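The data block below is input_29.txt; it holds compact mmCIF, C-alpha atoms.
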# COMPACT_ATOMS: atom_id res chain seq x y z
CA MET K 215 141.62 28.49 -121.17
CA LEU K 216 138.17 27.60 -119.85
CA GLY K 217 136.70 28.62 -123.18
CA ALA K 218 139.12 26.37 -125.07
CA ALA K 219 138.34 23.42 -122.75
CA ALA K 220 134.61 23.97 -123.19
CA ALA K 221 135.00 24.20 -126.96
CA ALA K 222 136.68 20.77 -127.02
CA GLU K 223 133.62 19.08 -125.53
CA PRO K 224 131.25 17.62 -128.10
CA VAL K 225 127.95 19.45 -128.32
CA LEU K 226 126.10 16.63 -130.04
CA ARG K 227 126.24 12.89 -129.32
CA TRP K 228 125.47 10.83 -132.41
CA ASP K 229 123.64 7.48 -132.43
CA ARG K 230 126.04 6.46 -135.19
CA LYS K 231 128.28 8.17 -137.67
CA THR K 232 128.40 5.44 -140.32
CA VAL K 233 125.55 3.68 -142.06
CA GLU K 234 126.21 0.82 -144.42
CA ALA K 235 123.46 -0.42 -146.73
CA PRO K 236 123.02 -2.10 -150.08
CA LEU K 237 120.70 -0.73 -152.72
CA ALA K 238 117.54 -2.81 -152.28
CA PRO K 239 116.15 -4.47 -155.41
CA GLY K 240 113.75 -2.19 -157.25
CA GLU K 241 114.91 0.92 -155.37
CA LYS K 242 116.69 3.91 -156.91
CA THR K 243 117.87 5.55 -153.69
CA ILE K 244 119.41 4.61 -150.37
CA ARG K 245 118.17 6.40 -147.28
CA ALA K 246 120.04 6.71 -143.99
CA GLU K 247 119.15 8.45 -140.75
CA PHE K 248 121.72 9.84 -138.34
CA GLY K 249 120.17 10.58 -134.96
CA PHE K 250 121.76 12.87 -132.36
CA VAL K 251 121.10 14.48 -129.01
CA ASN K 252 122.34 17.80 -127.65
CA VAL K 253 124.49 16.81 -124.65
CA SER K 254 125.68 20.33 -123.88
CA PRO K 255 124.05 22.58 -121.27
CA ALA K 256 123.30 25.26 -123.91
CA PRO K 257 121.29 25.34 -127.15
CA ALA K 258 123.17 23.65 -130.00
CA VAL K 259 123.28 25.36 -133.37
CA ILE K 260 123.93 23.30 -136.50
CA GLU K 261 125.50 25.80 -138.86
CA SER K 262 125.73 23.69 -141.99
CA VAL K 263 125.17 20.22 -143.42
CA LYS K 264 127.13 19.59 -146.62
CA PRO K 265 127.12 16.32 -148.58
CA SER K 266 130.35 15.50 -150.40
CA CYS K 267 128.59 14.75 -153.68
CA GLY K 268 125.70 16.12 -155.72
CA CYS K 269 124.30 12.57 -155.68
CA THR K 270 123.53 12.87 -151.96
CA THR K 271 121.07 15.09 -150.12
CA ALA K 272 121.00 15.67 -146.38
CA ALA K 273 117.97 17.17 -144.67
CA LEU K 274 117.83 18.64 -141.20
CA GLU K 275 114.50 19.37 -139.47
CA LYS K 276 115.75 22.59 -137.87
CA LYS K 277 118.98 24.30 -136.85
CA VAL K 278 118.67 24.92 -133.09
CA TYR K 279 118.30 22.14 -130.50
CA GLN K 280 117.76 22.67 -126.78
CA PRO K 281 119.82 20.76 -124.15
CA GLY K 282 118.72 17.11 -124.17
CA GLU K 283 116.71 17.53 -127.36
CA HIS K 284 116.97 14.85 -130.04
CA GLY K 285 117.18 15.44 -133.78
CA ARG K 286 118.19 13.67 -136.94
CA ILE K 287 119.71 14.19 -140.34
CA THR K 288 118.12 12.24 -143.18
CA ALA K 289 120.50 11.48 -146.02
CA ILE K 290 119.44 10.15 -149.40
CA PHE K 291 121.97 8.82 -151.87
CA THR K 292 120.94 8.42 -155.53
CA PRO K 293 123.55 6.17 -157.13
CA GLY K 294 122.40 6.55 -160.75
CA SER K 295 124.80 4.53 -162.88
CA ARG K 296 127.41 4.13 -160.11
CA LYS K 297 128.41 0.55 -159.36
CA GLY K 298 130.21 -1.28 -156.59
CA MET K 299 131.11 0.10 -153.19
CA GLN K 300 130.33 3.81 -152.77
CA VAL K 301 131.32 5.97 -149.80
CA LYS K 302 129.60 9.33 -149.36
CA GLY K 303 130.41 11.82 -146.63
CA ILE K 304 128.31 14.55 -145.02
CA ARG K 305 130.09 17.37 -143.15
CA VAL K 306 128.14 18.74 -140.23
CA ALA K 307 129.39 22.01 -138.71
CA VAL K 308 128.17 22.59 -135.14
CA ARG K 309 128.73 25.93 -133.39
CA GLY K 310 131.20 25.42 -130.55
CA GLU K 311 132.79 22.26 -131.99
CA GLN K 312 136.26 22.81 -133.41
CA GLU K 313 136.06 20.16 -136.16
CA PRO K 314 133.10 19.30 -138.36
CA VAL K 315 131.49 15.94 -137.77
CA ILE K 316 131.79 13.59 -140.75
CA LEU K 317 128.84 11.28 -141.27
CA THR K 318 129.42 8.45 -143.73
CA MET K 319 127.15 6.40 -145.96
CA VAL K 320 128.67 3.21 -147.31
CA ALA K 321 126.52 1.82 -150.09
CA HIS K 322 126.95 -1.31 -152.11
CA ILE K 323 125.46 -0.96 -155.60
CA GLY K 324 124.99 -4.23 -157.36
CA PRO K 325 123.71 -7.60 -156.38
CA ALA K 326 123.94 -7.35 -152.59
CA LEU K 327 122.87 -10.91 -152.25
CA GLN K 328 122.83 -13.63 -154.86
CA ILE K 329 120.12 -16.28 -154.70
CA ASP K 330 120.77 -19.12 -157.09
CA PRO K 331 118.43 -20.15 -158.55
CA PRO K 332 115.99 -17.33 -157.78
CA LEU K 333 113.08 -19.69 -158.54
CA VAL K 334 112.54 -23.34 -157.69
CA PHE K 335 109.90 -25.14 -159.69
CA TRP K 336 107.93 -28.39 -159.56
CA ARG K 337 105.70 -29.71 -162.31
CA ALA K 338 102.19 -30.64 -161.16
CA GLY K 339 102.25 -34.22 -159.94
CA GLU K 340 106.03 -34.28 -159.49
CA LEU K 341 107.30 -35.77 -156.22
CA PRO K 342 107.41 -32.94 -153.66
CA ARG K 343 111.11 -33.37 -152.97
CA PRO K 344 113.00 -30.51 -151.30
CA LYS K 345 114.96 -28.18 -153.59
CA THR K 346 117.71 -25.83 -152.54
CA MET K 347 118.70 -22.26 -153.28
CA ARG K 348 122.27 -21.11 -152.63
CA VAL K 349 122.58 -17.75 -150.90
CA THR K 350 125.80 -15.84 -151.53
CA VAL K 351 126.76 -12.52 -149.95
CA PRO K 352 129.63 -10.63 -151.63
CA PRO K 353 132.70 -10.63 -149.37
CA GLY K 354 133.18 -7.49 -147.32
CA LEU K 355 129.55 -6.41 -147.46
CA GLY K 356 128.78 -7.58 -143.93
CA LEU K 357 125.24 -8.64 -144.74
CA ARG K 358 123.84 -11.45 -142.59
CA VAL K 359 120.81 -13.49 -143.63
CA ILE K 360 118.74 -14.25 -140.54
CA GLY K 361 115.61 -15.94 -141.81
CA VAL K 362 113.21 -16.79 -144.60
CA THR K 363 109.43 -16.73 -144.78
CA SER K 364 107.03 -18.10 -147.38
CA SER K 365 103.92 -16.25 -148.56
CA ASP K 366 102.04 -19.53 -149.00
CA PRO K 367 101.58 -22.13 -146.24
CA GLN K 368 101.64 -24.82 -148.95
CA MET K 369 105.32 -24.04 -149.54
CA ASP K 370 107.80 -24.56 -146.68
CA ALA K 371 111.12 -22.70 -146.69
CA ALA K 372 113.94 -23.18 -144.20
CA LEU K 373 117.23 -21.31 -143.92
CA GLU K 374 120.40 -23.25 -143.23
CA PRO K 375 122.76 -20.34 -142.52
CA GLU K 376 125.83 -22.50 -141.88
CA LYS K 377 125.39 -24.04 -145.34
CA GLU K 378 124.38 -20.73 -146.95
CA ARG K 379 121.32 -22.25 -148.49
CA ILE K 380 117.54 -22.35 -148.34
CA THR K 381 115.64 -25.59 -148.58
CA VAL K 382 112.18 -25.31 -150.13
CA THR K 383 109.58 -28.06 -149.98
CA PRO K 384 106.00 -28.00 -151.25
CA LYS K 385 103.48 -29.79 -149.06
CA ALA K 386 101.98 -31.26 -152.23
CA THR K 387 102.20 -30.80 -156.00
CA ALA K 388 98.62 -31.63 -156.91
CA HIS K 389 97.59 -27.96 -157.23
CA PRO K 390 99.36 -24.85 -158.56
CA VAL K 391 101.17 -22.75 -155.98
CA THR K 392 103.19 -19.57 -156.46
CA ALA K 393 104.99 -18.53 -153.30
CA VAL K 394 107.14 -15.48 -152.62
CA LEU K 395 110.06 -16.36 -150.36
CA THR K 396 111.27 -13.35 -148.40
CA LEU K 397 114.82 -13.46 -147.08
CA HIS K 398 115.40 -11.32 -144.03
CA ALA K 399 118.90 -9.91 -143.63
CA VAL K 400 120.66 -7.25 -141.56
CA THR K 401 123.62 -5.09 -142.50
CA ARG K 402 126.68 -4.63 -140.31
CA THR K 403 125.15 -1.43 -138.98
CA GLY K 404 121.83 -3.08 -138.17
CA GLU K 405 119.66 -2.00 -141.12
CA PRO K 406 117.08 -4.64 -142.01
CA GLN K 407 117.07 -5.70 -145.65
CA LEU K 408 114.58 -7.87 -147.54
CA PHE K 409 115.24 -9.95 -150.63
CA GLN K 410 112.87 -12.07 -152.65
CA ALA K 411 112.98 -15.44 -154.29
CA TYR K 412 110.17 -17.57 -155.64
CA ALA K 413 108.83 -21.11 -155.55
CA GLN K 414 106.20 -22.50 -157.85
CA VAL K 415 104.20 -25.64 -158.54
CA LYS K 416 102.55 -25.63 -161.94
CA MET Q 184 129.99 -44.66 -165.87
CA LEU Q 185 129.20 -45.43 -169.53
CA ARG Q 186 125.54 -45.72 -168.61
CA GLU Q 187 125.68 -42.25 -166.96
CA ALA Q 188 127.36 -40.75 -170.02
CA GLY Q 189 124.75 -42.35 -172.25
CA GLY Q 190 122.01 -40.91 -170.07
CA LEU Q 191 123.52 -37.46 -170.31
CA LEU Q 192 123.80 -37.71 -174.10
CA LEU Q 193 120.18 -38.82 -174.34
CA ALA Q 194 119.10 -35.92 -172.11
CA ALA Q 195 121.08 -33.46 -174.24
CA ALA Q 196 119.55 -34.84 -177.44
CA LEU Q 197 116.04 -34.58 -176.00
CA LEU Q 198 116.75 -31.02 -174.88
CA ALA Q 199 117.99 -30.09 -178.37
CA LEU Q 200 114.88 -31.63 -179.93
CA ALA Q 201 112.63 -29.73 -177.53
CA ALA Q 202 114.47 -26.47 -178.27
CA ALA Q 203 114.19 -27.06 -182.02
CA TRP Q 204 110.47 -27.70 -181.62
CA VAL Q 205 109.90 -24.55 -179.55
CA LEU Q 206 112.27 -22.34 -181.54
CA GLY Q 207 111.58 -23.82 -184.96
CA PRO Q 208 110.49 -20.64 -186.75
CA ILE Q 209 113.15 -18.43 -185.21
CA GLU Q 210 116.31 -17.53 -187.08
CA SER Q 211 119.11 -19.17 -185.14
CA ALA Q 212 121.40 -16.11 -185.16
CA LYS Q 213 118.77 -13.93 -183.52
CA ALA Q 214 117.84 -16.64 -181.05
CA GLU Q 215 121.47 -16.90 -179.99
CA ALA Q 216 121.61 -13.14 -179.53
CA GLY Q 217 118.47 -13.31 -177.40
CA GLU Q 218 116.47 -11.13 -179.80
CA ILE Q 219 113.41 -11.99 -181.83
CA THR Q 220 111.62 -10.12 -184.60
CA LEU Q 221 107.93 -9.36 -184.32
CA ALA Q 222 107.19 -11.67 -187.28
CA ASP Q 223 108.98 -14.56 -185.58
CA ALA Q 224 107.35 -13.84 -182.24
CA LEU Q 225 103.91 -13.96 -183.83
CA HIS Q 226 104.67 -17.43 -185.20
CA LEU Q 227 105.65 -18.93 -181.85
CA GLN Q 228 103.51 -21.86 -180.73
CA PRO Q 229 102.24 -21.77 -178.10
CA PRO Q 230 101.97 -17.96 -178.21
CA PRO Q 231 104.60 -16.31 -176.00
CA LEU Q 232 104.11 -14.64 -172.69
CA TRP Q 233 104.60 -10.93 -173.47
CA ILE Q 234 106.36 -8.78 -170.88
CA ASP Q 235 106.10 -4.99 -171.05
CA ALA Q 236 109.16 -3.47 -169.38
CA ARG Q 237 108.06 0.15 -169.87
CA SER Q 238 106.62 2.48 -167.23
CA PRO Q 239 103.11 1.89 -165.83
CA ALA Q 240 101.87 5.05 -167.63
CA GLU Q 241 103.18 3.81 -170.98
CA TYR Q 242 101.66 0.40 -170.31
CA GLU Q 243 98.27 1.95 -169.51
CA ALA Q 244 98.39 3.97 -172.73
CA GLY Q 245 98.68 0.77 -174.77
CA HIS Q 246 100.37 -2.61 -174.72
CA VAL Q 247 100.53 -5.93 -176.52
CA PRO Q 248 97.30 -7.77 -175.71
CA GLY Q 249 97.83 -9.99 -172.68
CA ALA Q 250 101.23 -8.48 -171.85
CA ARG Q 251 102.24 -8.33 -168.18
CA LEU Q 252 103.85 -5.19 -166.79
CA LEU Q 253 107.28 -5.94 -165.31
CA ASN Q 254 110.26 -3.61 -165.07
CA PRO Q 255 113.18 -3.25 -162.66
CA GLU Q 256 111.26 -0.69 -160.56
CA ASN Q 257 108.17 -2.84 -159.93
CA TRP Q 258 109.96 -6.19 -160.00
CA PRO Q 259 109.13 -7.51 -156.49
CA ARG Q 260 105.45 -6.54 -156.81
CA ASN Q 261 104.85 -7.89 -160.31
CA VAL Q 262 106.95 -11.05 -160.53
CA PRO Q 263 104.35 -13.31 -158.85
CA GLY Q 264 101.73 -12.36 -161.49
CA VAL Q 265 104.22 -13.09 -164.27
CA LEU Q 266 105.01 -16.50 -162.78
CA GLU Q 267 101.32 -17.30 -162.55
CA ALA Q 268 100.79 -16.29 -166.18
CA TRP Q 269 103.69 -18.38 -167.49
CA GLU Q 270 102.98 -21.93 -168.64
CA PRO Q 271 105.50 -24.72 -169.21
CA GLY Q 272 106.66 -24.81 -172.82
CA ARG Q 273 105.86 -21.14 -173.37
CA CYS Q 274 108.52 -18.67 -174.54
CA THR Q 275 108.73 -15.19 -173.09
CA VAL Q 276 109.18 -12.02 -175.16
CA VAL Q 277 110.16 -8.76 -173.46
CA TYR Q 278 109.87 -5.29 -174.95
CA CYS Q 279 110.46 -1.76 -173.70
CA ALA Q 280 110.16 1.75 -175.08
CA THR Q 281 113.42 1.88 -176.99
CA PRO Q 282 114.83 -0.56 -179.53
CA GLY Q 283 117.45 -2.69 -177.75
CA GLY Q 284 116.54 -0.82 -174.58
CA GLN Q 285 118.23 -1.32 -171.24
CA ALA Q 286 114.99 -2.12 -169.39
CA SER Q 287 114.03 -5.01 -171.66
CA GLN Q 288 117.59 -6.37 -171.62
CA GLU Q 289 117.70 -6.24 -167.81
CA VAL Q 290 114.27 -7.82 -167.38
CA ALA Q 291 115.12 -10.55 -169.89
CA GLU Q 292 118.37 -11.30 -168.10
CA ARG Q 293 116.62 -11.59 -164.74
CA LEU Q 294 113.88 -13.80 -166.18
CA ARG Q 295 116.48 -16.11 -167.76
CA ALA Q 296 117.80 -16.76 -164.24
CA PHE Q 297 114.42 -18.34 -163.47
CA GLN Q 298 115.23 -21.03 -166.08
CA LEU Q 299 111.63 -21.23 -167.24
CA GLY Q 300 112.46 -21.51 -170.93
CA PRO Q 301 113.61 -19.22 -173.75
CA VAL Q 302 113.38 -15.49 -173.04
CA PHE Q 303 113.72 -13.06 -175.96
CA VAL Q 304 113.91 -9.31 -176.36
CA LEU Q 305 111.65 -7.95 -179.09
CA HIS Q 306 113.77 -6.48 -181.88
CA GLY Q 307 112.76 -2.82 -182.27
CA GLY Q 308 110.98 -2.65 -178.91
CA TRP Q 309 107.45 -1.26 -178.51
CA LYS Q 310 107.69 0.59 -181.84
CA ALA Q 311 108.01 -2.73 -183.67
CA TRP Q 312 104.51 -3.53 -182.39
CA SER Q 313 102.90 -0.08 -182.50
CA HIS Q 314 104.40 1.02 -185.86
CA PRO Q 315 105.24 -2.20 -187.70
Write out the structure in this file as structure tokens.
Amino acid sequence: MLGAAAAAEPVLRWDRKTVEAPLAPGEKTIRAEFGFVNVSPAPAVIESVKPSCGCTTAALEKKVYQPGEHGRITAIFTPGSRKGMQVKGIRVAVRGEQEPVILTMVAHIGPALQIDPPLVFWRAGELPRPKTMRVTVPPGLGLRVIGVTSSDPQMDAALEPEKERITVTPKATAHPVTAVLTLHAVTRTGEPQLFQAYAQVK
Amino acid sequence: MLREAGGLLLAAALLALAAAWVLGPIESAKAEAGEITLADALHLQPPPLWIDARSPAEYEAGHVPGARLLNPENWPRNVPGVLEAWEPGRCTVVYCATPGGQASQEVAERLRAFQLGPVFVLHGGWKAWSHP
């Protein structure tokens, strides 16, 4: 009876069991880390870590963790030609826990964030009037744009989140400027994501 | 209202004239498909901005003179250089390793979103240039 009660207690406490992330532009893989701590009074033994798909790997630093010791599983999902929303599971069997722990990666493959147009342009000598870019996040993705920065101080960029747009204004159009605008976003599970747009005077 | 409509018609006519001037030597069917032959590309005036959508190793081994390296993998790093190389009124021609290849099609599609002018894929890809 005591043994059964003890077995029902979790051995590991996880920082999170689900990570949601889009595939960043230019990247071929999505990486997620699942941190944990051994909350039991005895050494914890991770017996197996099994991804649900050959497209996902899950790496564990070691198998035995002392009481209070922290560890992590690093999962890497390679979507290949997969499109849309992808859910990948990782089964973690811990000695002394009756059920395996299921860690989940939710990945959105495709344009996670649409910036339209991706480039705003002024001809040299044109009036430096503000131009706007519309920022659209696919419904259900849970991505939140929190800011925008410009690589060139000659090009101002301001985010208007309530209007889902960025306003870009050159300080002047007398000289050529090529600025990278970096949009800072966070996923529902707190992962930071960066997206790029461009502004140019030529 | 009539004045606005007239203005729009005039703008459309000017746009068509500009396109005809830039795309004069290009066969219209290919231009509509977004492809261009090497012979047509070499007749473009001003000369096009060439984009090499192959891998960096393939680019280093040989490329169209003046071509900029840009593919989906190095997109964020290399786009600023491409924008700096582009000039108003200049067409862009993209090629990759394989004829009708996915990389050149993807790069061309992304560049078209910039609305900087006509963007073509080189018919036959890199081989059209290296083994004409």
Practice item. For a cut-off of 12 Å around (102.4, -16.5, -150.2), file coordinates, pick out all residues using all atoms listed in the file and list them as a VMD selection string. Key: (chain K and resid 363 to 371 391 to 396 410 to 414) or (chain Q and resid 263)
Practice item. Point out the residue among Q:Trp269, Q:Phe303, Q:Trp309, Q:Trp258 with the least atom-to-atom distance to chain K, counting only C-alpha atoms. Key: Q:Trp258
Please report, as JSON lines, each residue of chain Q lying at most 12 Å from chain K, together with the nearest pair of atoms and the separation in Å rounded to one decimal; use only C-alpha atoms, and order rows by chain and ascending residue number.
{"residue": "Q:Leu253", "atom": "CA", "partner": "K:Gly240", "partner_atom": "CA", "distance": 11.0}
{"residue": "Q:Asn254", "atom": "CA", "partner": "K:Gly240", "partner_atom": "CA", "distance": 8.7}
{"residue": "Q:Pro255", "atom": "CA", "partner": "K:Gly240", "partner_atom": "CA", "distance": 5.5}
{"residue": "Q:Glu256", "atom": "CA", "partner": "K:Gly240", "partner_atom": "CA", "distance": 4.4}
{"residue": "Q:Asn257", "atom": "CA", "partner": "K:Gly240", "partner_atom": "CA", "distance": 6.2}
{"residue": "Q:Trp258", "atom": "CA", "partner": "K:Gly240", "partner_atom": "CA", "distance": 6.2}
{"residue": "Q:Pro259", "atom": "CA", "partner": "K:Gln410", "partner_atom": "CA", "distance": 7.0}
{"residue": "Q:Arg260", "atom": "CA", "partner": "K:Gly240", "partner_atom": "CA", "distance": 9.4}
{"residue": "Q:Asn261", "atom": "CA", "partner": "K:Gly240", "partner_atom": "CA", "distance": 11.0}
{"residue": "Q:Val262", "atom": "CA", "partner": "K:Tyr412", "partner_atom": "CA", "distance": 8.8}
{"residue": "Q:Pro263", "atom": "CA", "partner": "K:Thr392", "partner_atom": "CA", "distance": 6.8}
{"residue": "Q:Gly264", "atom": "CA", "partner": "K:Thr392", "partner_atom": "CA", "distance": 8.9}
{"residue": "Q:Val265", "atom": "CA", "partner": "K:Thr392", "partner_atom": "CA", "distance": 10.2}
{"residue": "Q:Leu266", "atom": "CA", "partner": "K:Thr392", "partner_atom": "CA", "distance": 7.3}
{"residue": "Q:Glu267", "atom": "CA", "partner": "K:Thr392", "partner_atom": "CA", "distance": 6.8}
{"residue": "Q:Ala268", "atom": "CA", "partner": "K:Lys416", "partner_atom": "CA", "distance": 10.4}
{"residue": "Q:Trp269", "atom": "CA", "partner": "K:Lys416", "partner_atom": "CA", "distance": 9.2}
{"residue": "Q:Glu270", "atom": "CA", "partner": "K:Lys416", "partner_atom": "CA", "distance": 7.7}
{"residue": "Q:Pro271", "atom": "CA", "partner": "K:Lys416", "partner_atom": "CA", "distance": 7.9}
{"residue": "Q:Gly272", "atom": "CA", "partner": "K:Arg337", "partner_atom": "CA", "distance": 11.6}
{"residue": "Q:Glu289", "atom": "CA", "partner": "K:Gly240", "partner_atom": "CA", "distance": 12.0}
{"residue": "Q:Val290", "atom": "CA", "partner": "K:Gly240", "partner_atom": "CA", "distance": 11.6}
{"residue": "Q:Arg293", "atom": "CA", "partner": "K:Pro332", "partner_atom": "CA", "distance": 9.0}
{"residue": "Q:Leu294", "atom": "CA", "partner": "K:Pro332", "partner_atom": "CA", "distance": 9.4}
{"residue": "Q:Arg295", "atom": "CA", "partner": "K:Pro332", "partner_atom": "CA", "distance": 10.1}
{"residue": "Q:Ala296", "atom": "CA", "partner": "K:Pro331", "partner_atom": "CA", "distance": 6.7}
{"residue": "Q:Phe297", "atom": "CA", "partner": "K:Leu333", "partner_atom": "CA", "distance": 5.3}
{"residue": "Q:Gln298", "atom": "CA", "partner": "K:Leu333", "partner_atom": "CA", "distance": 8.0}
{"residue": "Q:Leu299", "atom": "CA", "partner": "K:Phe335", "partner_atom": "CA", "distance": 8.7}
Review point. Taking all atoms listed in the file into account, which of K:Ile360, K:Leu237, K:Ala386, K:Ala246 comes nearest Thr318 in chain K?
Key: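 Residue with the minimum atom-to-atom distance to Thr318 in chain K: K:Ala246.
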Review point. Nearest to Val302 in chain Q among Q:Cys274, Q:Ala286, Q:Leu221, Q:Ala280, with distances taken over only C-alpha atoms: which residue is it?
Key: Q:Cys274
**Study point:** Shell around Gly268 in chain K at 12 Å using all atoms listed in the file, local window under 5 positions removed, as a ChimeraX atom specification
**Key:** /K:289-294,302-304
Review point. Is there a way to get, as number ranges by chain, all residues within 10 Å of the point (102.7, -23.6, -178.7) in file coordinates, counting all atoms listed in the file?
Key: Q: 204-205, 226-231, 271-274
Review point. Suppose you want the space between CA of Met319 in chain K and CA of Lys277 in chain K; what is it in Å?
Key: 21.7 Å
Review point. At what distance in Å, to one decimal, does CA of Val301 in chain K lie from CA of Leu357 in chain K?
Key: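 So the answer is 16.6 Å.
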Review point. What is the distance between CA of Pro406 in chain K and CA of Leu226 in chain K, in Å to one decimal?
Key: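 Spanning CA of Pro406 in chain K to CA of Leu226 in chain K is a straight-line distance of 26.0 Å.
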Check your understanding: So which residues touch Ile316 in chain K within 12 Å, counting only C-alpha atoms, skipping near sequence neighbours fewer than 6 positions away, as a ChimeraX atom specification?
Key -> /K:228,230-233,248,262-266,301-308
Listed atoms of range 215-231 of chain Q, axis-aligned box, 6 Å per side: centre and edge lengths to one decimal in Å, as JSON?
{"center_x": 111.8, "center_y": -15.6, "center_z": -181.6, "size_x": 31.6, "size_y": 24.5, "size_z": 23.3}
**Study point:** Spatial neighbours of Glu378 in chain K, 7 Å, all atoms listed in the file, chain gap at least 2 places, as a PyMOL selection string
**Key:** chain K and resi 348-350+374-376
Point to revise | Residue contacts of Lys297 in chain K (8 Å, all atoms listed in the file) excluding same-chain residues fewer than 5 positions away, as number ranges by chain | key: K: 322-324
Kindly output range 260-275 of chain K as a short mmCIF file (atom, residue, chain, number, x, y, z; two decimals), in the frame of the given file, after building N, CA and C atoms.
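Just written: part_27.cif:
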data_model
loop_
_atom_site.label_atom_id
_atom_site.label_comp_id
_atom_site.auth_asym_id
_atom_site.auth_seq_id
_atom_site.Cartn_x
_atom_site.Cartn_y
_atom_site.Cartn_z
N ILE K 260 123.31 23.98 -135.36
CA ILE K 260 123.93 23.30 -136.50
C ILE K 260 124.06 24.34 -137.61
N GLU K 261 125.29 24.69 -137.92
CA GLU K 261 125.50 25.80 -138.86
C GLU K 261 125.40 25.37 -140.31
N SER K 262 125.84 24.14 -140.59
CA SER K 262 125.73 23.69 -141.99
C SER K 262 125.77 22.17 -142.07
N VAL K 263 125.16 21.66 -143.11
CA VAL K 263 125.17 20.22 -143.42
C VAL K 263 125.49 20.11 -144.90
N LYS K 264 126.69 19.58 -145.22
CA LYS K 264 127.13 19.59 -146.62
C LYS K 264 127.52 18.19 -147.09
N PRO K 265 126.73 17.61 -147.98
CA PRO K 265 127.12 16.32 -148.58
C PRO K 265 128.34 16.49 -149.48
N SER K 266 129.12 15.43 -149.61
CA SER K 266 130.35 15.50 -150.40
C SER K 266 130.09 15.39 -151.90
N CYS K 267 128.86 15.07 -152.26
CA CYS K 267 128.59 14.75 -153.68
C CYS K 267 127.19 15.25 -154.02
N GLY K 268 127.01 15.68 -155.27
CA GLY K 268 125.70 16.12 -155.72
C GLY K 268 124.69 14.99 -155.76
N CYS K 269 125.18 13.74 -155.64
CA CYS K 269 124.30 12.57 -155.68
C CYS K 269 123.65 12.31 -154.32
N THR K 270 124.03 13.10 -153.32
CA THR K 270 123.53 12.87 -151.96
C THR K 270 122.87 14.14 -151.43
N THR K 271 121.71 13.97 -150.80
CA THR K 271 121.07 15.09 -150.12
C THR K 271 121.05 14.80 -148.63
N ALA K 272 121.06 15.84 -147.84
CA ALA K 272 121.00 15.67 -146.38
C ALA K 272 120.05 16.72 -145.83
N ALA K 273 119.01 16.25 -145.17
CA ALA K 273 117.97 17.17 -144.67
C ALA K 273 117.98 17.21 -143.15
N LEU K 274 117.85 18.41 -142.63
CA LEU K 274 117.83 18.64 -141.20
C LEU K 274 116.49 19.30 -140.87
N GLU K 275 115.83 18.83 -139.79
CA GLU K 275 114.50 19.37 -139.47
C GLU K 275 114.56 20.84 -139.07
#
